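These notes concern the structure reproduced below.
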Amino acid sequence: MIARDLAEPYPHVTTDDRAVDAVRLVAEHDLAALLVLTSDGTPYAVVPGSQLVRQLVPEYVMEDPLLAAVIDDRHAETLTQDLAGKSVAEWIPQRIFKPAFVGPQAGALQIAALMARTHVPLVAVIDRDDDVRRLVGVVSAASLMRHLLNVGGQE
C-alpha cells in the first residue's frame, strides 16, 4: 500500500500561528505529535508531545527535579507565560525537530524506515505540483502498525 492510501487527515498549525494555539490543538485533539507546516505547505517540524511538554518546563526545573516537587499547580500557569506573543516558529526551532515527510507514492516500508530513523510517531504525506505543496494527510505509527501487521483484518 502506498502513502496516499495510508494517509489520514491530521490537524496542524503553520509557523505563523500562535504558539498557545498549537498547544491547545494538541491538547484538544489528543495528538501524539504536533505537525507544523510553513504558509506554503512545506513541512517545518513534527514535534512529539513529550517534547512539547519539555518546551513548557523551565530549564531550572529540569536541572533540579526537586524543584518540580515543590512547585504546585498554582504556579503551573506561569509555565505558559513563555508562549505569550510567540509564533510557532519562534517557539519550536526547526533545527531541533526535523519534519518527516514523503511523497504520495512512498511505500509502507519506506515510511516505517523513516519513522524509525527520525523517532517521530507520524510522517506527513505531501503532494507537490510545481511549487504548490498540499498536505494529503499523515501516516501515524498506530495506523502503520495496523497495516504492516494486518491487525483487525482490515487489509
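Every chain in the C-alpha cells takes a letter, A first, then B, and so on in the order presented; its residues are numbered from 1, and the ligands are numbered from 1 following the presented order.
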Using backbone DSSP assignments, extract all strand (DSSP E) residues from chain A; output them as a ChimeraX atom specification.
/A:13-14,33-37,43-48,101-102,122-129,132-140
Alpha helix (DSSP H) per DSSP on the backbone: members of chain A, as a VMD selection string
chain A and resid 3 to 6 19 to 29 49 to 56 59 to 63 65 to 70 73 to 76 88 to 91 108 to 118 141 to 149
Written selection (C-alpha atoms) as a PDB file, in the first residue's frame:
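Full text of selection03.pdb as output:
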ATOM      1  CA  ALA A   3       1.364   6.644   1.321  1.00  0.00           C
ATOM      2  CA  ARG A   4      -1.613   8.252  -0.425  1.00  0.00           C
ATOM      3  CA  ASP A   5      -3.788   5.297   0.617  1.00  0.00           C
ATOM      4  CA  LEU A   6      -2.408   5.135   4.162  1.00  0.00           C
ATOM      5  CA  ALA A  19       2.309  29.017  19.982  1.00  0.00           C
ATOM      6  CA  VAL A  20      -0.519  28.927  22.522  1.00  0.00           C
ATOM      7  CA  ASP A  21      -2.911  27.819  19.758  1.00  0.00           C
ATOM      8  CA  ALA A  22      -0.554  24.965  18.890  1.00  0.00           C
ATOM      9  CA  VAL A  23      -0.588  23.759  22.497  1.00  0.00           C
ATOM     10  CA  ARG A  24      -4.383  23.961  22.565  1.00  0.00           C
ATOM     11  CA  LEU A  25      -4.616  21.967  19.315  1.00  0.00           C
ATOM     12  CA  VAL A  26      -2.517  19.145  20.755  1.00  0.00           C
ATOM     13  CA  ALA A  27      -4.494  19.126  23.993  1.00  0.00           C
ATOM     14  CA  GLU A  28      -7.970  19.362  22.453  1.00  0.00           C
ATOM     15  CA  HIS A  29      -7.348  16.702  19.786  1.00  0.00           C
ATOM     16  CA  GLY A  49       4.062  15.590  22.514  1.00  0.00           C
ATOM     17  CA  SER A  50       6.715  14.790  25.104  1.00  0.00           C
ATOM     18  CA  GLN A  51       8.993  17.387  23.530  1.00  0.00           C
ATOM     19  CA  LEU A  52       6.193  19.972  23.569  1.00  0.00           C
ATOM     20  CA  VAL A  53       5.853  19.382  27.297  1.00  0.00           C
ATOM     21  CA  ARG A  54       9.614  19.826  27.581  1.00  0.00           C
ATOM     22  CA  GLN A  55       9.306  23.196  25.835  1.00  0.00           C
ATOM     23  CA  LEU A  56       6.902  24.301  28.594  1.00  0.00           C
ATOM     24  CA  GLU A  59      15.383  24.721  32.305  1.00  0.00           C
ATOM     25  CA  TYR A  60      15.958  25.327  36.017  1.00  0.00           C
ATOM     26  CA  VAL A  61      13.194  22.830  36.872  1.00  0.00           C
ATOM     27  CA  MET A  62      14.624  20.188  34.541  1.00  0.00           C
ATOM     28  CA  GLU A  63      18.085  20.684  36.013  1.00  0.00           C
ATOM     29  CA  PRO A  65      13.938  17.761  39.772  1.00  0.00           C
ATOM     30  CA  LEU A  66      13.436  18.608  43.462  1.00  0.00           C
ATOM     31  CA  LEU A  67      12.052  21.970  42.365  1.00  0.00           C
ATOM     32  CA  ALA A  68       9.314  20.188  40.415  1.00  0.00           C
ATOM     33  CA  ALA A  69       8.193  18.556  43.649  1.00  0.00           C
ATOM     34  CA  VAL A  70       7.715  21.887  45.417  1.00  0.00           C
ATOM     35  CA  ASP A  73      -0.404  23.625  40.178  1.00  0.00           C
ATOM     36  CA  ARG A  74      -0.974  27.224  41.290  1.00  0.00           C
ATOM     37  CA  HIS A  75       2.383  28.056  39.748  1.00  0.00           C
ATOM     38  CA  ALA A  76       1.828  25.957  36.629  1.00  0.00           C
ATOM     39  CA  VAL A  88       5.012  28.559  16.472  1.00  0.00           C
ATOM     40  CA  ALA A  89       8.258  29.136  14.534  1.00  0.00           C
ATOM     41  CA  GLU A  90       9.695  31.176  17.412  1.00  0.00           C
ATOM     42  CA  TRP A  91       8.690  28.560  19.964  1.00  0.00           C
ATOM     43  CA  ALA A 108       4.729   1.398   3.674  1.00  0.00           C
ATOM     44  CA  LEU A 109       8.221   0.068   4.459  1.00  0.00           C
ATOM     45  CA  GLN A 110       9.785   3.326   3.280  1.00  0.00           C
ATOM     46  CA  ILE A 111       7.502   5.187   5.700  1.00  0.00           C
ATOM     47  CA  ALA A 112       8.304   2.725   8.501  1.00  0.00           C
ATOM     48  CA  ALA A 113      12.060   3.171   7.980  1.00  0.00           C
ATOM     49  CA  LEU A 114      11.724   6.966   8.029  1.00  0.00           C
ATOM     50  CA  MET A 115       9.587   6.871  11.171  1.00  0.00           C
ATOM     51  CA  ALA A 116      12.073   4.597  12.936  1.00  0.00           C
ATOM     52  CA  ARG A 117      15.070   6.670  11.847  1.00  0.00           C
ATOM     53  CA  THR A 118      13.567  10.014  12.923  1.00  0.00           C
ATOM     54  CA  ALA A 141       2.690   4.887  13.937  1.00  0.00           C
ATOM     55  CA  ALA A 142      -0.546   3.175  15.003  1.00  0.00           C
ATOM     56  CA  SER A 143      -2.050   3.115  11.507  1.00  0.00           C
ATOM     57  CA  LEU A 144       1.237   1.941  10.013  1.00  0.00           C
ATOM     58  CA  MET A 145       1.440  -0.934  12.517  1.00  0.00           C
ATOM     59  CA  ARG A 146      -2.171  -1.886  11.771  1.00  0.00           C
ATOM     60  CA  HIS A 147      -1.320  -2.068   8.095  1.00  0.00           C
ATOM     61  CA  LEU A 148       2.017  -3.864   8.460  1.00  0.00           C
ATOM     62  CA  LEU A 149       0.653  -6.397  10.921  1.00  0.00           C
TER      63      LEU A 149
END
The distance between CA of Pro48 (chain A) and CA of Leu122 (chain A) is 8.8 Å
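CA of Asp17 (chain A) lies 24.9 Å from CA of Gly103 (chain A).
Distance annotation: of A:Gly107, A:Ala32, A:Asp16, A:Val57, the residue with the minimal separation from Ile2 (chain A) is A:Gly107; atom set is only C-alpha atoms.
You will find CA of Pro99 (chain A) at 19.7 Å from CA of Asp30 (chain A).
Comparing the minimum interatomic distances between Leu135 (chain A) and each of A:Val123, A:Ala106, A:Met1, A:Leu34, counting only C-alpha atoms, we find that A:Val123 sits nearest.
Proximity ranking of A:Thr38, A:Ile126, A:Val138, A:Ala7 relative to Ser87 (chain A) places A:Thr38 first, based on only C-alpha atoms.
Nearest-residue note for Glu8 (chain A): choosing from A:Asp64, A:Val125, A:Gln81, A:Ala45, the minimum distance belongs to A:Val125, counting only C-alpha atoms.
The shortest atom-to-atom distance to Tyr10 (chain A), with only C-alpha atoms taken into account, belongs to A:Ser140 out of A:Ser140, A:Ser39, A:Asn150, A:Gln105.
Neighbouring residues of Val132 (chain A) at 10 Å or closer, counting only C-alpha atoms and skipping chain neighbours under 3 positions away, are Asp40, Gly41, Thr42, Asp127, Arg128 and Asp129 of chain A.
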Let me see the file: selected residues, N, CA, C and O atoms, as a compact mmCIF listing (two decimals), in the first residue's frame.
# COMPACT_ATOMS: atom_id res chain seq x y z
N ASP A 40 3.37 28.04 2.93
CA ASP A 40 3.22 27.49 1.58
C ASP A 40 3.00 25.98 1.56
O ASP A 40 2.99 25.35 0.52
N GLY A 41 2.83 25.37 2.76
CA GLY A 41 2.52 23.94 2.84
C GLY A 41 3.72 23.03 2.98
O GLY A 41 3.59 21.82 2.98
N THR A 42 4.91 23.60 3.11
CA THR A 42 6.12 22.80 3.30
C THR A 42 6.21 22.34 4.75
O THR A 42 6.03 23.14 5.66
N ASP A 127 1.92 16.20 -1.31
CA ASP A 127 1.80 16.15 -2.76
C ASP A 127 2.33 17.46 -3.31
O ASP A 127 1.99 18.53 -2.80
N ARG A 128 3.17 17.39 -4.33
CA ARG A 128 3.74 18.60 -4.94
C ARG A 128 3.28 18.70 -6.38
O ARG A 128 3.34 17.74 -7.13
N ASP A 129 2.87 19.89 -6.73
CA ASP A 129 2.53 20.18 -8.11
C ASP A 129 3.22 21.48 -8.46
O ASP A 129 2.76 22.56 -8.05
Ranking A:His119, A:Gly137, A:Phe97, A:Asp82 by minimum distance to His12 (chain A) and counting only C-alpha atoms, which one comes first?
A:Gly137
